[in-house]
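Participant: Input work_5.txt, format and content: compact mmCIF, C-alpha atoms and all ligand atoms.
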```
# COMPACT_ATOMS: atom_id res chain seq x y z
CA MET A 1 8.81 -25.50 -23.10
CA ASN A 2 8.89 -24.38 -19.48
CA ALA A 3 7.00 -21.22 -18.62
CA PRO A 4 9.58 -18.40 -18.40
CA LEU A 5 7.84 -16.75 -15.48
CA THR A 6 8.88 -18.87 -12.52
CA PRO A 7 9.04 -17.96 -8.83
CA ARG A 8 12.34 -16.47 -7.71
CA PRO A 9 14.67 -18.94 -6.01
CA ASP A 10 15.74 -16.29 -3.48
CA SER A 11 13.55 -15.73 -0.46
CA ALA A 12 10.79 -13.13 -0.20
CA ALA A 13 11.80 -9.68 0.95
CA GLY A 14 10.73 -7.79 4.03
CA VAL A 15 10.73 -4.01 4.12
CA SER A 16 11.13 -1.80 7.14
CA ALA A 17 10.85 1.92 7.77
CA HIS A 18 12.61 3.66 10.64
CA ASP A 19 11.45 7.08 11.78
CA LEU A 20 10.67 7.89 8.16
CA ARG A 21 9.94 11.52 7.28
CA ILE A 22 8.97 12.92 3.92
CA HIS A 23 8.58 16.67 3.89
CA PHE A 24 7.84 18.89 0.89
CA ALA A 25 9.01 22.49 0.76
CA THR A 26 6.19 24.59 -0.72
CA LYS A 27 5.56 28.34 -1.00
CA ALA A 28 3.11 28.07 1.89
CA GLY A 29 5.62 26.25 4.13
CA THR A 30 6.77 22.70 4.82
CA VAL A 31 4.23 19.96 4.16
CA LYS A 32 4.95 17.09 6.53
CA ALA A 33 3.32 14.37 4.43
CA VAL A 34 5.01 11.55 6.37
CA ASP A 35 6.26 12.55 9.76
CA GLY A 36 8.12 9.88 11.68
CA VAL A 37 6.71 6.42 10.96
CA SER A 38 8.37 3.13 11.82
CA PHE A 39 7.11 -0.32 10.90
CA GLU A 40 8.21 -3.62 9.51
CA ILE A 41 6.58 -5.49 6.64
CA ARG A 42 7.38 -9.17 7.00
CA PRO A 43 8.51 -11.27 4.04
CA GLY A 44 5.54 -12.64 2.09
CA GLU A 45 2.85 -10.78 4.03
CA THR A 46 0.33 -8.13 3.02
CA PHE A 47 0.66 -5.01 5.11
CA GLY A 48 -2.39 -2.81 4.75
CA ILE A 49 -1.99 0.97 5.02
CA ILE A 50 -5.22 2.81 5.64
CA GLY A 51 -6.14 6.43 6.18
CA GLU A 52 -8.30 9.23 4.79
CA SER A 53 -7.42 11.26 1.74
CA GLY A 54 -4.35 13.38 2.52
CA SER A 55 -3.06 11.14 5.31
CA GLY A 56 0.18 10.46 3.41
CA LYS A 57 -0.45 6.96 2.01
CA THR A 58 0.75 7.55 -1.55
CA THR A 59 3.76 9.53 -0.36
CA LEU A 60 4.70 6.67 1.95
CA GLY A 61 4.06 4.11 -0.81
CA ARG A 62 6.21 5.98 -3.32
CA ALA A 63 9.04 6.10 -0.79
CA LEU A 64 8.68 2.36 -0.08
CA ALA A 65 8.87 1.67 -3.83
CA GLY A 66 12.06 3.77 -4.04
CA LEU A 67 10.47 6.58 -6.07
CA LEU A 68 10.85 9.26 -3.40
CA LYS A 69 13.87 10.01 -1.29
CA PRO A 70 13.10 10.27 2.43
CA SER A 71 13.80 13.64 4.04
CA ALA A 72 14.94 11.78 7.15
CA GLY A 73 14.92 8.27 8.56
CA ASP A 74 15.46 5.24 6.40
CA ILE A 75 13.95 2.29 4.59
CA HIS A 76 15.62 -1.10 4.59
CA TYR A 77 14.88 -3.87 2.10
CA GLY A 78 15.57 -7.07 3.95
CA GLU A 79 19.01 -6.38 5.34
CA HIS A 80 19.88 -3.83 2.68
CA ASP A 81 20.13 -0.12 3.21
CA PRO A 82 20.03 1.22 -0.36
CA ARG A 83 22.37 4.04 0.59
CA ALA A 84 25.11 1.49 1.29
CA LEU A 85 24.76 -0.27 -2.08
CA SER A 86 26.58 0.25 -5.35
CA ARG A 87 24.77 1.74 -8.34
CA SER A 88 24.24 -1.63 -9.99
CA GLN A 89 22.96 -3.16 -6.75
CA ARG A 90 20.55 -0.25 -6.35
CA LYS A 91 19.35 -0.79 -9.92
CA ARG A 92 18.64 -4.44 -9.13
CA LEU A 93 16.85 -3.41 -5.92
CA ARG A 94 14.65 -0.93 -7.80
CA ARG A 95 13.56 -3.73 -10.08
CA ASP A 96 12.62 -5.86 -7.06
CA HIS A 97 10.35 -3.12 -5.66
CA GLN A 98 7.44 -2.04 -7.79
CA ILE A 99 4.29 0.05 -7.42
CA ILE A 100 0.86 -0.28 -9.05
CA PHE A 101 -1.42 2.74 -9.04
CA GLN A 102 -5.16 3.35 -8.95
CA ASP A 103 -5.82 4.42 -12.52
CA PRO A 104 -5.14 1.46 -14.82
CA HIS A 105 -5.70 3.55 -17.95
CA ALA A 106 -3.17 6.27 -17.14
CA ALA A 107 -0.42 3.67 -16.72
CA LEU A 108 -0.80 2.32 -20.28
CA ASN A 109 0.42 4.00 -23.45
CA PRO A 110 -2.64 4.33 -25.73
CA ARG A 111 -0.48 3.92 -28.84
CA MET A 112 1.06 0.62 -27.78
CA THR A 113 -0.58 -2.78 -28.15
CA ILE A 114 -1.14 -4.65 -24.89
CA LEU A 115 1.72 -7.04 -25.68
CA GLN A 116 4.08 -4.12 -26.36
CA SER A 117 3.05 -2.55 -23.05
CA VAL A 118 3.74 -5.74 -21.14
CA ILE A 119 7.10 -6.23 -22.85
CA GLU A 120 8.14 -2.60 -22.25
CA PRO A 121 9.56 -3.00 -18.71
CA LEU A 122 11.79 -5.83 -19.98
CA ASP A 123 12.85 -3.70 -22.96
CA ILE A 124 13.81 -0.92 -20.56
CA ILE A 125 16.02 -3.13 -18.42
CA GLY A 126 17.27 -4.94 -21.53
CA GLU A 127 16.61 -8.44 -20.29
CA GLY A 128 16.93 -11.36 -22.70
CA ASP A 129 16.38 -11.28 -26.45
CA ARG A 130 13.23 -10.20 -28.26
CA GLN A 131 11.93 -13.76 -28.38
CA SER A 132 12.32 -14.47 -24.66
CA ARG A 133 10.77 -11.10 -23.73
CA ARG A 134 7.72 -11.95 -25.82
CA ARG A 135 7.44 -15.32 -24.12
CA THR A 136 7.70 -13.78 -20.65
CA ALA A 137 5.07 -11.15 -21.53
CA ALA A 138 2.70 -13.75 -22.99
CA ASP A 139 3.15 -15.89 -19.90
CA ALA A 140 2.47 -12.91 -17.63
CA LEU A 141 -0.76 -12.17 -19.52
CA GLU A 142 -1.84 -15.76 -19.04
CA ARG A 143 -0.98 -15.69 -15.32
CA VAL A 144 -3.23 -12.68 -14.77
CA GLY A 145 -6.13 -14.46 -16.47
CA LEU A 146 -6.13 -12.72 -19.87
CA PRO A 147 -6.40 -14.55 -23.20
CA ALA A 148 -3.32 -14.45 -25.46
CA THR A 149 -5.39 -12.73 -28.18
CA ILE A 150 -5.63 -9.61 -26.01
CA GLY A 151 -1.95 -8.88 -26.78
CA LYS A 152 -2.88 -7.47 -30.18
CA ARG A 153 -5.45 -5.05 -28.81
CA TYR A 154 -5.11 -1.45 -27.56
CA PRO A 155 -5.90 -0.09 -24.07
CA HIS A 156 -9.09 1.72 -25.17
CA GLU A 157 -10.55 -1.63 -26.25
CA LEU A 158 -10.26 -3.08 -22.72
CA SER A 159 -12.44 -2.81 -19.60
CA GLY A 160 -11.03 -1.23 -16.41
CA GLY A 161 -10.55 -4.65 -14.84
CA GLN A 162 -8.72 -5.97 -17.90
CA LYS A 163 -6.47 -2.90 -17.93
CA GLN A 164 -5.59 -3.41 -14.29
CA ARG A 165 -4.76 -7.05 -15.07
CA VAL A 166 -2.45 -5.78 -17.84
CA ASN A 167 -0.73 -3.49 -15.33
CA ILE A 168 -0.26 -6.40 -12.97
CA ALA A 169 1.18 -8.46 -15.86
CA ARG A 170 3.61 -5.63 -16.71
CA THR A 171 4.82 -5.57 -13.13
CA LEU A 172 4.99 -9.36 -12.94
CA THR A 173 7.40 -9.61 -15.89
CA LEU A 174 10.05 -8.08 -13.62
CA ARG A 175 9.36 -10.74 -10.97
CA PRO A 176 9.38 -8.23 -8.11
CA LYS A 177 9.76 -9.26 -4.50
CA PHE A 178 7.73 -6.37 -3.13
CA ILE A 179 4.82 -4.47 -4.66
CA VAL A 180 3.16 -1.33 -3.33
CA CYS A 181 -0.51 -1.51 -4.37
CA ASP A 182 -1.89 2.03 -4.20
CA GLU A 183 -5.72 2.00 -4.31
CA VAL A 184 -5.50 -0.68 -7.00
CA VAL A 185 -9.22 -1.51 -7.00
CA ALA A 186 -10.62 1.95 -6.18
CA ALA A 187 -11.25 2.88 -9.83
CA LEU A 188 -12.84 -0.48 -10.67
CA ASP A 189 -16.46 -1.49 -10.71
CA VAL A 190 -17.45 -3.01 -7.35
CA SER A 191 -18.50 -6.23 -9.11
CA ILE A 192 -14.94 -7.02 -10.26
CA ARG A 193 -12.97 -5.81 -7.26
CA GLY A 194 -13.13 -9.22 -5.57
CA ALA A 195 -11.66 -10.98 -8.62
CA ILE A 196 -8.73 -8.54 -8.81
CA LEU A 197 -8.07 -8.86 -5.07
CA ASN A 198 -8.10 -12.66 -5.45
CA LEU A 199 -5.62 -12.35 -8.32
CA PHE A 200 -3.24 -10.39 -6.07
CA ALA A 201 -3.60 -13.09 -3.39
CA ASP A 202 -2.95 -15.92 -5.90
CA LEU A 203 0.16 -14.22 -7.27
CA GLN A 204 1.43 -13.68 -3.74
CA LYS A 205 1.10 -17.40 -3.03
CA GLU A 206 2.74 -18.42 -6.29
CA PHE A 207 5.57 -15.90 -6.37
CA GLY A 208 6.06 -15.18 -2.66
CA ILE A 209 5.51 -11.46 -3.17
CA THR A 210 5.33 -9.06 -0.23
CA TYR A 211 2.66 -6.34 -0.53
CA ALA A 212 2.08 -2.93 0.97
CA PHE A 213 -1.62 -2.52 0.27
CA ILE A 214 -2.74 1.10 0.39
CA THR A 215 -6.42 2.01 0.53
CA HIS A 216 -8.90 4.36 2.15
CA ASP A 217 -11.44 1.52 2.20
CA ILE A 218 -11.25 -0.39 5.47
CA SER A 219 -13.40 -3.24 4.17
CA VAL A 220 -10.85 -3.88 1.38
CA VAL A 221 -7.86 -3.62 3.67
CA SER A 222 -9.22 -5.92 6.35
CA HIS A 223 -10.10 -8.47 3.65
CA VAL A 224 -6.63 -8.68 2.09
CA SER A 225 -4.17 -7.81 4.85
CA ASP A 226 -2.27 -9.83 7.42
CA ARG A 227 -1.52 -6.70 9.41
CA ILE A 228 -2.74 -3.12 9.16
CA GLY A 229 -1.19 0.26 9.88
CA VAL A 230 -3.52 3.25 10.32
CA LEU A 231 -2.09 6.54 9.07
CA TYR A 232 -3.29 10.01 10.05
CA LEU A 233 -1.52 13.23 9.08
CA GLY A 234 1.61 11.32 8.20
CA ARG A 235 1.82 9.43 11.48
CA LEU A 236 0.83 5.92 12.52
CA MET A 237 -2.07 5.86 14.96
CA GLU A 238 -2.42 2.10 15.29
CA GLN A 239 -0.86 -1.06 13.96
CA GLY A 240 -1.67 -4.70 14.50
CA PRO A 241 -3.08 -7.96 13.14
CA ALA A 242 -5.79 -7.25 10.54
CA ASP A 243 -8.59 -9.00 12.43
CA ALA A 244 -7.72 -7.30 15.73
CA VAL A 245 -7.53 -3.83 14.15
CA SER A 246 -10.77 -4.23 12.22
CA ASP A 247 -12.77 -6.12 14.89
CA ARG A 248 -11.42 -4.51 18.07
CA PRO A 249 -9.70 -1.24 17.13
CA LEU A 250 -7.88 0.55 19.94
CA HIS A 251 -7.57 4.05 18.51
CA PRO A 252 -10.53 6.48 18.33
CA TYR A 253 -9.56 7.31 14.73
CA THR A 254 -9.72 3.66 13.61
CA GLN A 255 -13.00 3.29 15.51
CA ALA A 256 -14.39 6.28 13.65
CA LEU A 257 -13.20 4.97 10.26
CA LEU A 258 -14.91 1.66 10.97
CA SER A 259 -18.09 3.37 12.14
CA ALA A 260 -18.27 5.22 8.84
CA GLU A 261 -18.23 1.90 6.92
CA PRO A 262 -21.57 0.42 5.89
CA LEU A 263 -22.01 -2.87 7.74
CA PRO A 264 -21.84 -5.81 5.36
CA LEU A 265 -24.14 -8.04 7.42
CA PRO A 266 -26.73 -7.32 10.12
CA SER A 267 -24.89 -9.80 12.35
CA ASP A 268 -21.59 -8.00 11.88
CA ARG A 269 -19.78 -7.65 15.18
CA ARG A 270 -19.26 -3.96 14.57
CA ASP A 271 -23.02 -3.47 14.74
CA SER A 272 -22.98 -3.61 18.52
CA ARG A 273 -20.23 -1.07 18.86
CA ARG A 274 -21.09 2.50 19.61
CA ARG A 275 -21.00 4.42 16.34
CA ILE A 276 -18.56 7.32 16.29
CA ARG A 277 -18.94 10.09 13.75
CA LEU A 278 -15.86 11.29 11.98
CA GLU A 279 -16.56 14.98 11.62
CA GLY A 280 -14.73 17.68 9.71
CA GLU A 281 -11.76 17.46 7.40
CA ILE A 282 -8.29 16.14 8.08
CA PRO A 283 -6.18 19.20 9.13
CA SER A 284 -3.47 20.55 6.83
CA PRO A 285 -0.08 18.84 7.15
CA LEU A 286 1.35 22.38 6.81
CA ASN A 287 0.19 23.12 10.29
CA PRO A 288 -0.65 19.91 12.17
CA PRO A 289 -2.21 20.09 15.65
CA SER A 290 0.12 19.97 18.66
CA GLY A 291 0.24 16.82 20.78
CA CYS A 292 -2.00 14.15 19.28
CA PRO A 293 -2.65 14.93 15.59
CA PHE A 294 -6.20 13.54 15.86
CA ARG A 295 -7.23 15.73 18.79
CA THR A 296 -9.17 18.32 16.76
CA ARG A 297 -11.65 15.62 15.68
CA CYS A 298 -11.44 13.16 18.57
CA PRO A 299 -14.56 12.69 20.74
CA LYS A 300 -12.33 11.68 23.66
CA ALA A 301 -9.81 14.53 23.47
CA ALA A 302 -8.68 16.04 26.79
CA THR A 303 -6.25 18.80 27.75
CA ARG A 304 -3.33 16.39 27.83
CA CYS A 305 -3.95 15.52 24.16
CA ALA A 306 -2.93 19.04 23.07
CA GLU A 307 0.15 19.05 25.26
CA GLN A 308 1.77 15.65 24.80
CA VAL A 309 2.40 13.47 21.78
CA PRO A 310 0.97 10.04 22.72
CA GLN A 311 3.53 7.30 23.11
CA TRP A 312 3.50 4.22 20.89
CA ARG A 313 2.27 1.46 23.22
CA GLU A 314 1.77 -2.29 22.71
CA LEU A 315 -1.57 -2.84 24.43
CA ARG A 316 -2.22 -6.32 23.08
CA PRO A 317 0.30 -8.77 21.62
CA SER A 318 1.69 -7.13 18.45
CA HIS A 319 -1.12 -4.55 18.58
CA TRP A 320 0.23 -1.03 18.98
CA VAL A 321 -1.51 2.30 19.46
CA ALA A 322 -0.68 5.98 19.87
CA CYS A 323 -3.42 7.29 22.20
CA HIS A 324 -3.07 8.45 25.81
CA PHE A 325 -6.32 6.82 26.86
CA ALA A 326 -6.60 3.64 24.78
CA GLU A 327 -7.29 0.54 26.88
CA PRO A 328 -6.70 -3.07 25.86
CA ASP A 329 -10.19 -4.20 26.93
CA LEU A 330 -12.11 -1.66 24.82
N1 LIG B 1 4.91 16.81 -4.16
C1 LIG B 1 4.20 17.35 -3.17
N2 LIG B 1 4.36 18.63 -2.80
C2 LIG B 1 3.66 19.18 -1.79
N3 LIG B 1 2.74 18.52 -1.07
C3 LIG B 1 2.52 17.23 -1.38
C4 LIG B 1 3.22 16.59 -2.46
N4 LIG B 1 2.78 15.29 -2.53
C5 LIG B 1 1.84 15.16 -1.56
N5 LIG B 1 1.69 16.32 -0.89
C6 LIG B 1 0.78 16.56 0.25
O1 LIG B 1 1.07 15.57 1.21
C7 LIG B 1 -0.13 15.14 1.85
C8 LIG B 1 -0.28 13.65 1.69
O2 LIG B 1 -0.54 13.36 0.32
P1 LIG B 1 -0.74 11.88 -0.22
O3 LIG B 1 -1.00 11.97 -1.67
O4 LIG B 1 0.41 11.06 0.22
O5 LIG B 1 -2.04 11.42 0.58
P2 LIG B 1 -2.97 10.13 0.36
O6 LIG B 1 -3.18 9.56 1.72
O7 LIG B 1 -2.36 9.25 -0.67
O8 LIG B 1 -4.33 10.75 -0.15
P3 LIG B 1 -5.40 10.15 -1.21
O9 LIG B 1 -6.21 9.14 -0.43
O10 LIG B 1 -6.20 11.34 -1.61
O11 LIG B 1 -4.65 9.53 -2.34
C9 LIG B 1 -1.26 15.93 1.22
O12 LIG B 1 -1.54 17.04 2.04
C10 LIG B 1 -0.68 16.37 -0.10
O13 LIG B 1 -1.26 17.58 -0.54
S1 LIG B 2 -4.55 10.95 22.47
FE1 LIG B 2 -6.38 12.11 22.98
S2 LIG B 2 -6.97 13.14 21.06
FE2 LIG B 2 -5.52 11.52 20.55
S3 LIG B 2 -6.78 9.81 20.03
FE3 LIG B 2 -6.30 9.57 22.19
S4 LIG B 2 -7.97 10.57 23.28
FE4 LIG B 2 -8.09 11.23 21.14
MG MG B 3 -3.05 8.49 -2.51
```
Would you encode the structure as structure tokens?

Facilitator:
Amino acid sequence: MNAPLTPRPDSAAGVSAHDLRIHFATKAGTVKAVDGVSFEIRPGETFGIIGESGSGKTTLGRALAGLLKPSAGDIHYGEHDPRALSRSQRKRLRRDHQIIFQDPHAALNPRMTILQSVIEPLDIIGEGDRQSRRRTAADALERVGLPATIGKRYPHELSGGQKQRVNIARTLTLRPKFIVCDEVVAALDVSIRGAILNLFADLQKEFGITYAFITHDISVVSHVSDRIGVLYLGRLMEQGPADAVSDRPLHPYTQALLSAEPLPLPSDRRDSRRRIRLEGEIPSPLNPPSGCPFRTRCPKAATRCAEQVPQWRELRPSHWVACHFAEPDL
């Protein structure tokens, strides 16, 4: 019998955001968690989204996965604007766009067996009969490298890495075109992170999935991404090819993030770069600084930085930055 989990015949999906804003009304005022970001994720690529805690990554990811309605701006899936679709088309689109979170345990029902958990998304959408759902779920478990016998077990009997594989299998049963991966290895032991990242890469190759890969860990993001966007206080500071952003960052914030990373090898190219300390906390998105949002922590800040919002400039091919003073030859 053919494996039920086959790649989709339709092409991979790209996702684009246009001047996207996600604001939350709170008692203390308006939290501008995402405040005017535009980017395009190309079909079949991994777009890394990096930034410190509170920079707006999860909020952006939830909006990309269709779980949060933008306050302004829009998100297009391929050519589709969800607002222009019928209810049934939107339902189909929601199925195509999934999100996987950091905590693999929280996502699994402790009272369900692993097989029941993996079948559940198919039960919810009502696809196929009981028999075919079981086959799809068993196939998904196999594709993520778990033995069939694990289906009878319960979440508390599994390691963190196994649980995250189960979450990936659950998502895979829906054969999504686009997955937001929100800190998917952050809760896992360092020794198994590489294997899980490789699994994501293998599934991308096999199923043509597009990823938005969210992390605060620049070593993870530069390892898995084709391109990277750097988020700070809900705005993009820099965006470009992963090797260019991680080897020759243009923005002082990205340079500081990289400086804070332990160097994997003594010969690492970053070793020769001047180390920049990232001091203090990210300011509150309730009351962001005027002009450049990074100015309160930037070692290069000048008067102009408080007065003018830096323009988005392409300083190298496909490598964009929002800093008044960034130079291509840095
Ligand atoms: N529902 C909400 N209501 C009010 N404020 C919110 C809400 N969700 C997020 N925020 C605020 O928006 C900002 C961005 O939060 P978000 O969770 O997107 O950041 P993050 O980059 O994912 O951080 P972390 O790395 O800690 O996960 C934070 O200041 C957060 O407190
Ligand atoms: S615009 Fe000014 S404050 Fe902002 S990153 Fe550039 S130098 Fe620093
Ligand atoms: Mg988050």

Participant: Could you pull out the residues sitting within 7 Å of ligand LIG 2 (chain B), using all atoms listed in the file, and write them as number ranges by chain?

Facilitator: A: 251-253, 292-295, 298-302, 305, 310, 322-326

Participant: Which residues of chain A come within 10 Å of ligand MG 3 (chain B), and for each one, what is the closest pair of atoms and their distance in Å to one decimal, counting all atoms listed in the file, sorted by chain and residue number, as JSON lines?

Facilitator:
```
{"residue": "A:Gly51", "atom": "CA", "partner": "B:MG3", "partner_atom": "MG", "distance": 9.5}
{"residue": "A:Glu52", "atom": "CA", "partner": "B:MG3", "partner_atom": "MG", "distance": 9.0}
{"residue": "A:Ser53", "atom": "CA", "partner": "B:MG3", "partner_atom": "MG", "distance": 6.7}
{"residue": "A:Gly54", "atom": "CA", "partner": "B:MG3", "partner_atom": "MG", "distance": 7.1}
{"residue": "A:Ser55", "atom": "CA", "partner": "B:MG3", "partner_atom": "MG", "distance": 8.3}
{"residue": "A:Gly56", "atom": "CA", "partner": "B:MG3", "partner_atom": "MG", "distance": 7.0}
{"residue": "A:Lys57", "atom": "CA", "partner": "B:MG3", "partner_atom": "MG", "distance": 5.4}
{"residue": "A:Thr58", "atom": "CA", "partner": "B:MG3", "partner_atom": "MG", "distance": 4.0}
{"residue": "A:Thr59", "atom": "CA", "partner": "B:MG3", "partner_atom": "MG", "distance": 7.2}
{"residue": "A:Leu60", "atom": "CA", "partner": "B:MG3", "partner_atom": "MG", "distance": 9.1}
{"residue": "A:Gly61", "atom": "CA", "partner": "B:MG3", "partner_atom": "MG", "distance": 8.5}
{"residue": "A:Arg62", "atom": "CA", "partner": "B:MG3", "partner_atom": "MG", "distance": 9.6}
{"residue": "A:Phe101", "atom": "CA", "partner": "B:MG3", "partner_atom": "MG", "distance": 8.9}
{"residue": "A:Gln102", "atom": "CA", "partner": "B:MG3", "partner_atom": "MG", "distance": 8.5}
{"residue": "A:Asp182", "atom": "CA", "partner": "B:MG3", "partner_atom": "MG", "distance": 6.8}
{"residue": "A:Glu183", "atom": "CA", "partner": "B:MG3", "partner_atom": "MG", "distance": 7.2}
{"residue": "A:Ile214", "atom": "CA", "partner": "B:MG3", "partner_atom": "MG", "distance": 7.9}
{"residue": "A:Thr215", "atom": "CA", "partner": "B:MG3", "partner_atom": "MG", "distance": 7.9}
{"residue": "A:His216", "atom": "CA", "partner": "B:MG3", "partner_atom": "MG", "distance": 8.5}
```

Participant: Create the file for the chosen residues now, containing C-alpha atoms and written as a short mmCIF file (atom, residue, chain, number, x, y, z; two decimals), in the coordinates of the input.

Facilitator:
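Writing the result to out_24.cif gives the following:
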```
data_model
loop_
_atom_site.label_atom_id
_atom_site.label_comp_id
_atom_site.auth_asym_id
_atom_site.auth_seq_id
_atom_site.Cartn_x
_atom_site.Cartn_y
_atom_site.Cartn_z
CA GLY A 51 -6.14 6.43 6.18
CA GLU A 52 -8.30 9.23 4.79
CA SER A 53 -7.42 11.26 1.74
CA GLY A 54 -4.35 13.38 2.52
CA SER A 55 -3.06 11.14 5.31
CA GLY A 56 0.18 10.46 3.41
CA LYS A 57 -0.45 6.96 2.01
CA THR A 58 0.75 7.55 -1.55
CA THR A 59 3.76 9.53 -0.36
CA LEU A 60 4.70 6.67 1.95
CA GLY A 61 4.06 4.11 -0.81
CA ARG A 62 6.21 5.98 -3.32
CA PHE A 101 -1.42 2.74 -9.04
CA GLN A 102 -5.16 3.35 -8.95
CA ASP A 182 -1.89 2.03 -4.20
CA GLU A 183 -5.72 2.00 -4.31
CA ILE A 214 -2.74 1.10 0.39
CA THR A 215 -6.42 2.01 0.53
CA HIS A 216 -8.90 4.36 2.15
#
```

Participant: Suppose you want the space between CA of Gly160 (chain A) and CA of Val221 (chain A); what is it in Å?

Facilitator: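 Taking CA of Gly160 (chain A) and CA of Val221 (chain A), their separation equals 20.5 Å.
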
Participant: Counting all atoms listed in the file, what is within 10 Å of region 78-86 of chain A, bar same-chain residues fewer than 4 positions away, as a list in words?

Facilitator: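 These residues fall inside the cut-off: Ser11, Ala12, Ala13, Gly14, Val15, Ser16, Glu40, Ile41, Arg42, Pro43, Gly66, Asp74, Arg90, Lys91, Arg92, Leu93 and Arg94 of chain A.
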
Participant: Keeping C-alpha atoms for every residue in the selection just given, could you write it to a file as a short mmCIF file (atom, residue, chain, number, x, y, z; two decimals), in the frame of the given file?

Facilitator:
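selection.cif written:
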```cif
data_model
loop_
_atom_site.label_atom_id
_atom_site.label_comp_id
_atom_site.auth_asym_id
_atom_site.auth_seq_id
_atom_site.Cartn_x
_atom_site.Cartn_y
_atom_site.Cartn_z
CA SER A 11 13.55 -15.73 -0.46
CA ALA A 12 10.79 -13.13 -0.20
CA ALA A 13 11.80 -9.68 0.95
CA GLY A 14 10.73 -7.79 4.03
CA VAL A 15 10.73 -4.01 4.12
CA SER A 16 11.13 -1.80 7.14
CA GLU A 40 8.21 -3.62 9.51
CA ILE A 41 6.58 -5.49 6.64
CA ARG A 42 7.38 -9.17 7.00
CA PRO A 43 8.51 -11.27 4.04
CA GLY A 66 12.06 3.77 -4.04
CA ASP A 74 15.46 5.24 6.40
CA ARG A 90 20.55 -0.25 -6.35
CA LYS A 91 19.35 -0.79 -9.92
CA ARG A 92 18.64 -4.44 -9.13
CA LEU A 93 16.85 -3.41 -5.92
CA ARG A 94 14.65 -0.93 -7.80
#
```

Participant: Please, what distance in Å, to one decimal, runs between CA of Arg135 (chain A) and CA of Leu5 (chain A)?

Facilitator: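 Spanning CA of Arg135 (chain A) to CA of Leu5 (chain A) is a straight-line distance of 8.8 Å.
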
Participant: Of the candidates A:Ala186, A:Ala306, A:Val321, A:Leu67, which one gets nearest to Pro249 (chain A) if we count all atoms listed in the file?

Facilitator: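 Of all the options, A:Val321 lies closest to Pro249 (chain A).
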
Participant: Between A:Arg175, A:His23, A:Arg8, A:Arg313, single out the one closest to ligand LIG 1 (chain B), counting all atoms listed in the file.

Facilitator: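 Smallest separation from ligand LIG 1 (chain B) among the options: A:His23.
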
Participant: Please return as a list in words every residue within 9 Å of (3.3, -7.3, -27.9), taking into account all atoms listed in the file and the file's own coordinates.

Facilitator: Met112, Thr113, Ile114, Leu115, Gln116, Ser117, Val118, Ile119, Glu120, Arg134, Ala137, Ala138, Gly151 and Lys152 of chain A

Participant: Counting all atoms listed in the file, figure out which residue out of A:Arg235, A:Arg297, A:Arg130, A:His156 gets nearest to ligand LIG 1 (chain B).

Facilitator: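 Ranking A:Arg235, A:Arg297, A:Arg130, A:His156 by distance to ligand LIG 1 (chain B), first place goes to A:Arg235.
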
Participant: Which of these, A:Asp10, A:Asp103, A:Glu279, A:Asp189, has the shortest distance to ligand LIG 1 (chain B) once you count all atoms listed in the file?

Facilitator: A:Asp103

Participant: Would you mind telling me which residue in A:Gly291, A:Gly229, A:Pro283, A:Pro110 lies nearest to ligand LIG 1 (chain B) when using all atoms listed in the file?

Facilitator: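 Of A:Gly291, A:Gly229, A:Pro283, A:Pro110, the one nearest ligand LIG 1 (chain B), counting all atoms listed in the file, is A:Pro283.
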